[in-house]
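File shown: entry.csv. Contents: CSV, C-alpha atoms.
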chain,number,residue,atom,x,y,z
A,1,MET,CA,7.8,-9.7,-3.2
A,2,HIS,CA,8.2,-12.2,-6.0
A,3,VAL,CA,5.1,-13.7,-7.7
A,4,ASN,CA,5.4,-16.3,-10.4
A,5,PRO,CA,4.0,-15.2,-13.8
A,6,ALA,CA,1.2,-17.7,-13.8
A,7,SER,CA,-0.1,-16.5,-10.4
A,8,TYR,CA,0.3,-12.9,-11.5
A,9,VAL,CA,-1.9,-13.5,-14.6
A,10,ALA,CA,-4.4,-15.5,-12.6
A,11,GLY,CA,-4.7,-12.6,-10.1
A,12,ILE,CA,-5.1,-10.1,-12.9
A,13,LEU,CA,-7.9,-12.1,-14.5
A,14,ALA,CA,-9.7,-12.7,-11.2
A,15,ALA,CA,-9.5,-9.0,-10.4
A,16,GLN,CA,-10.9,-8.1,-13.7
A,17,ARG,CA,-13.8,-10.5,-13.2
A,18,ARG,CA,-14.6,-8.8,-10.0
A,19,ASP,CA,-14.2,-5.3,-11.5
A,20,GLN,CA,-11.2,-4.6,-9.3
A,21,ASN,CA,-7.6,-3.6,-9.9
A,22,LEU,CA,-4.9,-6.0,-8.8
A,23,SER,CA,-4.2,-4.1,-5.6
A,24,GLU,CA,-7.8,-4.3,-4.5
A,25,PHE,CA,-8.0,-8.0,-5.4
A,26,LEU,CA,-4.8,-8.8,-3.4
A,27,ASP,CA,-6.0,-6.7,-0.4
A,28,GLY,CA,-9.2,-8.8,-0.4
A,29,ALA,CA,-7.4,-12.1,-0.9
A,30,ILE,CA,-4.9,-11.5,1.9
A,31,ALA,CA,-7.7,-10.3,4.2
A,32,MET,CA,-9.7,-13.4,3.5
A,33,ALA,CA,-6.7,-15.6,4.1
A,34,CYS,CA,-6.1,-13.9,7.5
A,35,ALA,CA,-9.8,-14.3,8.4
A,36,ASP,CA,-9.7,-18.0,7.5
A,37,ASP,CA,-6.6,-18.7,9.6
A,38,GLY,CA,-8.0,-20.3,12.7
A,39,ASP,CA,-4.8,-19.8,14.7
A,40,SER,CA,-4.3,-16.2,13.9
A,41,PRO,CA,-5.6,-13.3,16.0
A,42,ASP,CA,-6.2,-11.6,12.6
A,43,ARG,CA,-9.3,-13.7,12.1
A,44,LEU,CA,-11.0,-11.6,14.8
A,45,LEU,CA,-10.7,-8.5,12.8
A,46,PRO,CA,-13.8,-7.1,11.1
A,47,TRP,CA,-13.0,-8.4,7.6
A,48,GLY,CA,-16.5,-9.6,6.7
A,49,PRO,CA,-19.4,-8.0,4.9
A,50,ASP,CA,-21.6,-7.9,8.1
A,51,ALA,CA,-19.0,-5.8,9.9
A,52,MET,CA,-18.8,-3.5,6.8
A,53,ASP,CA,-22.5,-3.2,6.6
A,54,LEU,CA,-22.8,-2.3,10.3
A,55,PHE,CA,-20.0,0.2,9.9
A,56,LEU,CA,-21.7,1.7,6.9
A,57,GLN,CA,-25.1,2.1,8.6
A,58,LEU,CA,-23.5,3.7,11.7
A,59,ALA,CA,-21.0,5.9,9.8
A,60,ASP,CA,-23.7,7.1,7.4
A,61,THR,CA,-26.3,8.0,10.0
A,62,VAL,CA,-24.7,8.5,13.5
A,63,PRO,CA,-20.9,8.7,13.1
A,64,GLU,CA,-20.5,10.3,16.5
A,65,VAL,CA,-21.1,7.0,18.2
A,66,LEU,CA,-18.0,5.4,16.6
A,67,ARG,CA,-15.1,5.1,19.1
A,68,GLY,CA,-11.5,4.0,19.1
A,69,LYS,CA,-10.2,2.4,15.9
A,70,TRP,CA,-13.7,2.6,14.4
A,71,LYS,CA,-13.5,6.4,14.6
A,72,VAL,CA,-10.1,6.2,12.9
A,73,LEU,CA,-11.6,4.0,10.2
A,74,TYR,CA,-14.4,6.6,9.7
A,75,THR,CA,-11.8,9.4,9.4
A,76,LYS,CA,-10.1,7.4,6.7
A,77,VAL,CA,-13.4,7.0,4.9
A,78,LEU,CA,-14.2,10.7,5.4
A,79,ASN,CA,-10.9,11.7,3.8
A,80,ASP,CA,-11.3,9.6,0.7
A,81,PRO,CA,-13.6,11.3,-1.7
A,82,SER,CA,-13.9,8.2,-3.9
A,83,LEU,CA,-15.9,6.5,-1.1
A,84,TRP,CA,-18.7,9.1,-1.1
A,85,THR,CA,-21.8,9.6,-3.3
A,86,VAL,CA,-22.2,13.3,-4.2
A,87,PRO,CA,-25.8,14.5,-3.9
A,88,GLN,CA,-27.4,15.3,-7.3
A,89,ALA,CA,-30.7,16.9,-8.0
A,90,SER,CA,-32.6,18.0,-11.1
A,91,VAL,CA,-34.1,21.4,-11.6
A,92,GLY,CA,-37.5,19.8,-10.9
A,93,ASP,CA,-36.3,18.5,-7.6
A,94,HIS,CA,-35.1,22.0,-6.6
A,95,GLU,CA,-38.4,23.5,-7.6
A,96,ALA,CA,-40.4,20.8,-5.7
A,97,GLY,CA,-38.1,21.4,-2.7
A,98,VAL,CA,-37.2,17.7,-2.4
A,99,VAL,CA,-33.4,18.1,-2.6
A,100,ASP,CA,-31.2,15.7,-0.6
A,101,THR,CA,-28.1,17.6,0.1
A,102,ASP,CA,-26.5,14.9,2.3
A,103,TRP,CA,-23.4,13.1,1.2
A,104,HIS,CA,-23.6,9.3,1.7
A,105,ILE,CA,-21.0,6.6,1.7
A,106,ASN,CA,-21.0,4.6,-1.5
A,107,ALA,CA,-21.5,1.0,-0.4
A,108,ALA,CA,-19.9,-0.5,-3.6
A,109,ALA,CA,-16.8,1.7,-3.3
A,110,LEU,CA,-16.5,0.9,0.4
A,111,ALA,CA,-16.8,-2.8,-0.2
A,112,LYS,CA,-13.9,-2.6,-2.7
A,113,ALA,CA,-11.8,-0.6,-0.2
A,114,TRP,CA,-12.8,-2.5,2.9
A,115,PRO,CA,-9.9,-5.0,3.2
A,116,ARG,CA,-7.4,-2.1,2.7
A,117,LEU,CA,-9.1,0.1,5.2
A,118,VAL,CA,-9.5,-2.6,7.8
A,119,SER,CA,-5.9,-3.8,7.6
A,120,SER,CA,-4.5,-0.3,7.7
A,121,THR,CA,-6.7,0.7,10.7
A,122,PHE,CA,-6.7,-2.4,12.8
A,123,LEU,CA,-3.3,-4.0,12.1
A,124,CYS,CA,-1.1,-0.9,12.3
Transcribe the structure of this file into structure tokens.
Amino acid sequence: MHVNPASYVAGILAAQRRDQNLSEFLDGAIAMACADDGDSPDRLLPWGPDAMDLFLQLADTVPEVLRGKWKVLYTKVLNDPSLWTVPQASVGDHEAGVVDTDWHINAAALAKAWPRLVSSTFLC
């Protein structure tokens, strides 16, 4: 794929402003272009933040209710350690018995990876 140098630089700068790498930025830009295309069936895919938030709530609390491609999406999230928040506790927490040992999906990391995850799950 050829990208002219000015577009490449603009993409890098836009990605940096969003605290993303170029690949994450391009995934998001392409996903948004597909979602905005009124004639394309791709616009029906769950690109948006509301779909991501609903998935996050379900996957983090009751993943067993996910079916079909949503279950495939959850498996991809499950297998990507960068998308999870590792439980951490201090000595005081242990002594008080208030230790949260559950892993949770990192919402910010999921938001960055969402376009890539959706396109690799629902378009393939």
If you count all atoms listed in the file, the residue of A:Leu78, A:Leu22, A:Ala29, A:Val9 closest to A:His104 turns out to be A:Leu78
Go ahead and compute the interatomic distance for atom CA of A:Leu110 and atom CA of A:Thr61, in Å to one decimal.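 So the answer is 15.4 Å.
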Could you list, as a PDB file with C-alpha atoms, in the coordinates of the input, every residue within 9 Å of A:Phe25, counting only C-alpha atoms and ignoring same-chain residues fewer than 2 positions away?
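Dumped to around01.pdb:
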ATOM      1  CA  GLY A  11      -4.700 -12.600 -10.100  1.00  0.00           C
ATOM      2  CA  ILE A  12      -5.100 -10.100 -12.900  1.00  0.00           C
ATOM      3  CA  ALA A  14      -9.700 -12.700 -11.200  1.00  0.00           C
ATOM      4  CA  ALA A  15      -9.500  -9.000 -10.400  1.00  0.00           C
ATOM      5  CA  GLN A  16     -10.900  -8.100 -13.700  1.00  0.00           C
ATOM      6  CA  ARG A  18     -14.600  -8.800 -10.000  1.00  0.00           C
ATOM      7  CA  GLN A  20     -11.200  -4.600  -9.300  1.00  0.00           C
ATOM      8  CA  ASN A  21      -7.600  -3.600  -9.900  1.00  0.00           C
ATOM      9  CA  LEU A  22      -4.900  -6.000  -8.800  1.00  0.00           C
ATOM     10  CA  SER A  23      -4.200  -4.100  -5.600  1.00  0.00           C
ATOM     11  CA  ASP A  27      -6.000  -6.700  -0.400  1.00  0.00           C
ATOM     12  CA  GLY A  28      -9.200  -8.800  -0.400  1.00  0.00           C
ATOM     13  CA  ALA A  29      -7.400 -12.100  -0.900  1.00  0.00           C
ATOM     14  CA  ILE A  30      -4.900 -11.500   1.900  1.00  0.00           C
ATOM     15  CA  LYS A 112     -13.900  -2.600  -2.700  1.00  0.00           C
TER      16      LYS A 112
END
Interatomic distance, atom CA of A:Ala51 to atom CA of A:Gln88 (Å, one decimal):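 Computing the Euclidean distance for atom CA of A:Ala51 and atom CA of A:Gln88 yields 28.5 Å.
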One decimal place gives the atom CA of A:Pro5-atom CA of A:Leu117 separation as 27.7 Å
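Restricting the calculation to only C-alpha atoms, the smallest distance between A:Ala111 and any of A:Thr75, A:Leu66, A:Met52, A:Tyr8 is found for A:Met52.
If all atoms listed in the file are the atoms counted, then among A:Val91, A:Val65, A:Val118, A:Val77 the closest residue to A:Ile105 is A:Val77.
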For each of A:Asp53, A:Thr121, A:Trp47, A:Glu95, take the minimum atom-to-atom distance to A:Tyr74, counting all atoms listed in the file, then give the residue where this is smallest. A:Thr121
Which polymer residues have any atom within 10 Å of an atom of A:Ala109, counting all atoms listed in the file, with same-chain residues fewer than 4 positions away left out, as a list of chain:residue names?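 In the requested form, the answer reads A:Ser82, A:Leu83, A:Trp84, A:Thr85, A:Ile105, A:Ala113, A:Trp114.
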Find, counting all atoms listed in the file, the residue in A:Gly92, A:Ala107, A:Lys69, A:Glu24 that gets nearest to A:Leu56. A:Ala107
